[in-house]
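Heads up: the structure comes next, in C-alpha cells.
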Protein chains: 2
Amino acid sequence: MGLSDVEAGFRNEAGIQTVVAVLRQRLGERLQTGEALRAQHAHTTTYIPAQLPDAVAFPQSAEEIRLIVRACADHQVPIIPFGAGTSLEGHVNAPHGGISLDMAQMNRVLEVNPEDLDCTVEPGVTREQLNTDLRDTGLFFPIDPGANASIGGMTATRASGTNAVRYGTMRDNVMAVTAVTATGEEIRTARRARKSSAGYDLTRLFVGSEGTLGVLTSITLRLQGIPQAISGGVCPFPSVEAACNAVIMTIQMGIPVARIELLDALQMKACNAYSKLDYPESPALFLEFHGTEAGVAEQAELFGEIAAECDGGEFQWTTEPERRTQLWKARHNAYWAALQLRPGAKGISTDVCVPISRLAECVVATQDDIAANGLIAPIVGHAGDGNFHVLVLIDTDEPAEIAAAEGFVERLNARALDMDGTCTGEHGIGQGKRPYLNLEMGEGVAMMRQIKQALDPDNIMNPGKVFSFDR
Amino acid sequence: MGLSDVEAGFRNEAGIQTVVAVLRQRLGERLQTGEALRAQHAHTTTYIPAQLPDAVAFPQSAEEIRLIVRACADHQVPIIPFGAGTSLEGHVNAPHGGISLDMAQMNRVLEVNPEDLDCTVEPGVTREQLNTDLRDTGLFFPIDPGANASIGGMTATRASGTNAVRYGTMRDNVMAVTAVTATGEEIRTARRARKSSAGYDLTRLFVGSEGTLGVLTSITLRLQGIPQAISGGVCPFPSVEAACNAVIMTIQMGIPVARIELLDALQMKACNAYSKLDYPESPALFLEFHGTEAGVAEQAELFGEIAAECDGGEFQWTTEPERRTQLWKARHNAYWAALQLRPGAKGISTDVCVPISRLAECVVATQDDIAANGLIAPIVGHAGDGNFHVLVLIDTDEPAEIAAAEGFVERLNARALDMDGTCTGEHGIGQGKRPYLNLEMGEGVAMMRQIKQALDPDNIMNPGKVFSFDR
C-alpha cells in the first residue's frame with residue numbers, strides 16, 4: 001500500500017484477517033473486534049463520518065507495541081494509535097481498516113525528576129491523571145487543551161490550549177519521546193538535557209506527526225513549579241478590535257500573562273443564559289496571571305491600565321481561588337453554553353491561528369461571514385497566540401447544513417492563510433484539514449511526503465491522515 | 001556521491017571545475033578562488049585542521065542561491081553555507097571540496113512586525129546588526145551565543161547562549177525559514193502564526209540541521225520587548241555543589257532569571273588577573289533579571305535568600321547599568337582571561353549539557369579529570385540549562401597535547417551521556433562531535449540518515465557534517 005493507494009480506498013483484506021488472527025493469539029482478551037467498541041474508536045468528537053478499524057488492541061508495554069507493529073508491517077496492515085479519542089479532525093478514523101492501538105493500559109507515570117522539572121510517562125496517561133500524580137511535588141504540567149486528552153494524543157497533534165501564551169505548546173514542552181517506527185524498531189529521540197544541538201530534531205518531528213511516522217511508547221515532559229500566587233479576572237470591551245488591541249499591548253509590554261482568552265458577544269450571551277450570569281453581552285477578555293503575590297497583583301494592575309487605555313470596561317480581578325473560579329465560570333462552561341444556543345444541534349469545532357496584529361480583522365470578518373450565511377457560531381479565542389475557535393452549530397442530519405458549514409470552514413481557512421496564518425493552531429490536520437495543508441505549505445508538503453515515504457514506505461502508520469491527495 | 005563516499009575522501013574534480021566555470025560566468029567578481037580567501041572560509045575557531053573549498057561564492061538573493069544550488073546539483077558538487085565563521089566543530093570545512101556560500105551580502109532585515117513581535121531576515125544578518133536595527137522598535141532578539149554570529153549560522157547550529165534559560169534557544173525562537181533544497185526548489189516551512197499544528201514541523205527540522213538539508217534563504221524570528229528594568233549581580237559560593245543547588249532552587253521556584261552563569265574557581269582566578277578584579281577565587285554565579293522595576297528587585301531579593309540558604313557569600317546586585325557592567329566584567333572577559341592562563345596556548349572550546357540535578361557532579365568529575373591529566377582548562381556554564389563549556393588550553397603544535405585534549409573530550413562526553421545528557425548543548429555536531437552523536441542517539445542516527453538520504457540523495461548539502469561513518 002503506497003501513499004497514493006490511500007484515497008483510492010485500498011483495503012488489504014487478507015493481510016488484515018491474518019494480523020487479527022495473529023494478534024488474537026498473542027493478546028487474547030486484549031484484542032477486541034466487537035462492532036460497538038470499534039465504532040467507539042472511530043467516532044470521536046468530529047463531524048467526519050466514522051470509519052471503523054477491524055480490531056482494537058490494548059497493548060501494555062512497548063514490547064507489545066513492537067510485536068503488533070511487526071505483525072502489521074509483515075502484512076502491510078494499517079495501525080491507528082488511539083489516546084482518549086478527543087481529537088477533532090478525524091485523526092482516529094480507519095479509512096482502510098486496520099488495528100486501532102488503544103493506549104488506555106499504557107498509563108503509567110514512569111519517572112518524575114523534581115530537581116530537573118521533568119517526567120516521563122506512557123502515552124495513555126491523561127493530563128488530569130498526570131497533574132493528580134504530580135500534586136505532592138509542587139510541580140504541574142501546564143498544557144491544557146480543555147478535554148482530558150492523553151499525553152500521547154496531545155504530543156501527536158501538537159496540542160496547546162489556554163495557557164500556551166505563557167508556557168508554550170506541546171512543541172515546547174516535550175523533551176523527548178520513544179517511538180516504535182514502521183520497521184518495529186524502538187528509537188529514543190533525545191535525552192534529558194534541557195537543550196541539545198545534537199543532530200536533527202527528531203523530537204519535534206514526532207510532535208505533531210499524528211501517528212504517521214510511528215507509535216509513541218513514552219514521552220518525556222518539561223514541568224513547571226506551581227505558582228505561588230494566581231490572579232484572574234474578566235474585562236468587557238466595546239468591540240473585538242478594542243479587546244485585541246489590549247492583547248497586543250499586553251504581549252508587547254512583556255506582561256507574562258498565563259491565559260488571555262477572548263469570548264465574542266454571542267458567546268458571552270450564551271454563557272449568561274447557561275450559567276445565569278449577568279456579564280455585559282459584549283466581547284470580553286478573561287485573564288489569568290501566575291507569579292509571586294506581588295507579581296500577580298502588579299500584572300493585574302498593569303493590565304487594568306492597558307484595558308482602560310483600550311476603552312475596556314471595569315477589570316474585575318482577584319487572587320481568591322473561589323472568586324476566581326466564579327469570574328472564570330463563563331469561560332469554563334463556554335462549550336456547553338454554546339451548544340444551548342441551538343438545542344439539539346451538534347457543534348463543528350474548527351480553529352485557525354493568525355499573527356496577533358490580524359486577529360481582530362480576522363474575527364470580525366468571520367463574524368460577518370457567519371451573519372451573512374445565517375449560521376449560529378460563537379467564537380472563543382486564545383487571543384495571546386492569535387488562535388481562535390468557531391463552534392458552528394448545525395443539524396448534522398441535514399446535508400445542506402453540513403455543506404454550509406464546510407463552505408464556511410473553507411472561507412475561514414482562506415481568510416487565515418491570506419493573513420499569513422495557519423489552517424490549524426492546535427487541532428491538527430487529521431482528515432478534515434488536509435486540503436488546507438496544501439494551500440498553506442505548498443512545496444513544503446512535498447518535503448513532508450518525502451520524509452513520510454522514507455520512514456514508512458508501506459504507509460502503514462495512520463494512513464490517510466495529514467496528507468491530501470487532491471492537489 | 002552517496003553518504004558512504006564521504007569518509008572515503010571522494011572528490012568530484014571534473015564536476016567542481018565545471019561548476020566553478022559556470023558560476024564564474026554568472027557571478028563574476030562574486031566568485032573567488034584565491035587561496036587566502038578559501039583558507040579563511042575553512043579555518044574557523046576550531047582545532048580541526050582546515051579543509052578548503054574550491055571557491056567562495058557571494059550570492060545576493062535567494063534566486064542566485066537557487067542558481068548556484070542547481071549548478072552544484074547538476075554536477076554533484078558540495079555546497080557549504082558560510083555565515084560569520086564562528087562555529088567551533090568544523091562546520092564550514094570542505095572535506096570533499098566544493099563551493100562555500102558566503103552569506104555576507106545576504107544581510108538585509110526584510111521585515112519587522114512590531115505588533116506581532118517578529119521579524120524576517122536574510123541569513124547573513126548578524127545578531128548585533130539585528131539588534132541595532134531593532135533599537136527604535138522597543139524590541140530585541142534575545143539569543144546571545146557570545147560571538148557576533150550570523151542568524152543563518154545560529155539557526156543551522158541551533159545556537160543558544162547565556163539567556164536561553166529565560167528565552168529559549170534558536171529552536172524556540174525561529175518561527176519559519178525559507179530554504180533552497182537539494183533540487184534547487186525554495187520552500188517555506190511555516191507562516192507567521194505564533195503556533196500551528198499544520199503537519200510536520202519542518203521549521204524545527206531545519207533548525208540544527210547544519211546546512212545538510214538545504215541552504216537557508218530567510219529566517220523569521222520571534223522578538224521580545226526590551227525589559228523595563230534589568231538587575232544583575234554576582235554571588236560567590238564555597239563549592240560548585242553549593243552554586244548548583246542555588247541554581248536548582250531558583251529554577252524550581254520559577255524565578256524567571258534571564259541569565260544564571262557559573263564560573264569555576266580557576267576561571268575566577270583568571271578573570272581577577274586579567275581584569276584586575278578582587279573577587280573571591282571560588283566558584284561564582286553571575287545573574288541577570290529582566291522585568292519591571294519592582295519585579296527585578298523582587299527576583300534579586302529572592303535569589304539572595306536562596307544563595308544564603310545554599311551557603312553563598314554576599315549577593316551584590318544592582319539595576320544601575322554601569323555598575324551592572326562592572327559586576328559582570330569577569331563574565332564578559334572570561335574567554336580572553338582564560339587564554340592568559342597559558343600565554344601562547346590555543347583554546348579548544350567544547351560543550352556538554354546534562355540534567356541540572358547532575359550538573360554539580362558532572363562539573364566536579366570534570367575538574368578532577370582535568371587535574372589528574374595535568375590540563376589547564378577553566379569552566380564556564382549556562383547553569384540554568386545544565387550546559388557548560390570547558391576551554392582546554394594546549395599547544396596545538398604538540399601532537400601529544402592534542403591527543404590529551406581529545407582524550408579529555410572523549411571522557412567528558414561519555415560522562416555527560418552517562419548522566420542522561422547530550423554531547424553538545426549548543427555548539428552542534430559538525431565534524432568534531434560525530435562519533436558522540438552515535439553514542440548519544442543510537443538508532444536515532446539511522447532515522448536522521450534516512451531523512452538526509454530522502455532529501456539530499458546525492459549528499460551535496462554540507463557533506464561530512466553531523467553523520468559519522470565509524471559506527
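Labeling convention for the C-alpha cells: chains A, B, ... as they appear, residues from 1 per chain, ligands from 1 in order of appearance.
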Identify every residue of chain A that has at least one atom within 6 Å of any atom of chain B, counting only C-alpha atoms, and report the result as an MDAnalysis selection string.
chainID A and resid 115:116 158 187 191:198 200:201 205 209 225 252 254 353:357 385 420:421 424:426 428:429 443:444 451
Write out as a list in words all residues of stretch 176-209 of chain A that backbone DSSP assigns to strand (DSSP E).
Ala176, Val177, Thr178, Ala179, Val180, Glu186, Ile187 and Arg188 of chain A
Selection: 10 Å around A:Ala62, only C-alpha atoms, excl. self and same-chain fewer than 4 positions, as a list in words:
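Once the nearby chain positions are removed, what remains is Arg66, Leu67, Ile68, Met106, Glu122, Thr178, Ala179, Val180, Glu186, Val215, Leu216, Thr217 and Ser218 of chain A.
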I need the residues from that last selection saved to file as an mmCIF file, in the first residue's frame (with C-alpha atoms), if you can.
```cif
data_model
loop_
_atom_site.group_PDB
_atom_site.id
_atom_site.type_symbol
_atom_site.label_atom_id
_atom_site.label_comp_id
_atom_site.auth_asym_id
_atom_site.auth_seq_id
_atom_site.Cartn_x
_atom_site.Cartn_y
_atom_site.Cartn_z
ATOM 1 C CA ARG A 66 6.718 -3.630 18.770
ATOM 2 C CA LEU A 67 5.116 -7.034 18.354
ATOM 3 C CA ILE A 68 1.899 -5.510 16.978
ATOM 4 C CA MET A 106 -0.215 2.178 28.851
ATOM 5 C CA GLU A 122 3.431 6.316 28.910
ATOM 6 C CA THR A 178 10.456 6.929 22.446
ATOM 7 C CA ALA A 179 8.616 5.540 19.449
ATOM 8 C CA VAL A 180 8.259 2.311 17.537
ATOM 9 C CA GLU A 186 12.131 1.451 19.060
ATOM 10 C CA VAL A 215 3.755 4.811 17.604
ATOM 11 C CA LEU A 216 4.796 6.743 20.708
ATOM 12 C CA THR A 217 5.769 4.488 23.614
ATOM 13 C CA SER A 218 6.848 7.143 26.133
#
```
DSSP says alpha helix (DSSP H) for which residues of stretch 255-340 of chain B? Put them as an NGL selection string?
:B and (265-275 or 293-309 or 321-327 or 329-332 or 334-339)
Could you pull the residues within 6 Å of B:Ala94, counting only C-alpha atoms, minus those fewer than 3 positions along the same chain, as a VMD selection string?
chain B and resid 51 to 53 97
Contacts of A:Trp336 at 10 Å (only C-alpha atoms; same-chain gap of 5+ positions) as a VMD selection string
chain A and resid 270 to 271 274 to 275 341 347
Find the residues around B:Gly313 up to 10 Å (only C-alpha atoms counted), leave out those fewer than 5 positions away in its own chain, and share them as a list in words.
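My list of contacting residues is Val234, Cys235, Pro236, Phe237, Pro238, Pro280, Ala284, Gly304, Ala307 and Ala308 of chain B.
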Extract, using only C-alpha atoms, all DNA, RNA and protein residues at most 9 Å from B:His96, discarding same-chain residues fewer than 5 positions from it, and format them as a list in words.
Val6, Gly9, Phe10, Arg11, Asn12, Gln51, Leu52, Pro53, Val77, Pro78, Pro463 and Gly464 of chain B
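Among A:His332, A:Tyr47, A:Glu64, A:His389, the residue with the shortest atom-to-atom distance to A:Lys346, counting only C-alpha atoms, is A:Tyr47.
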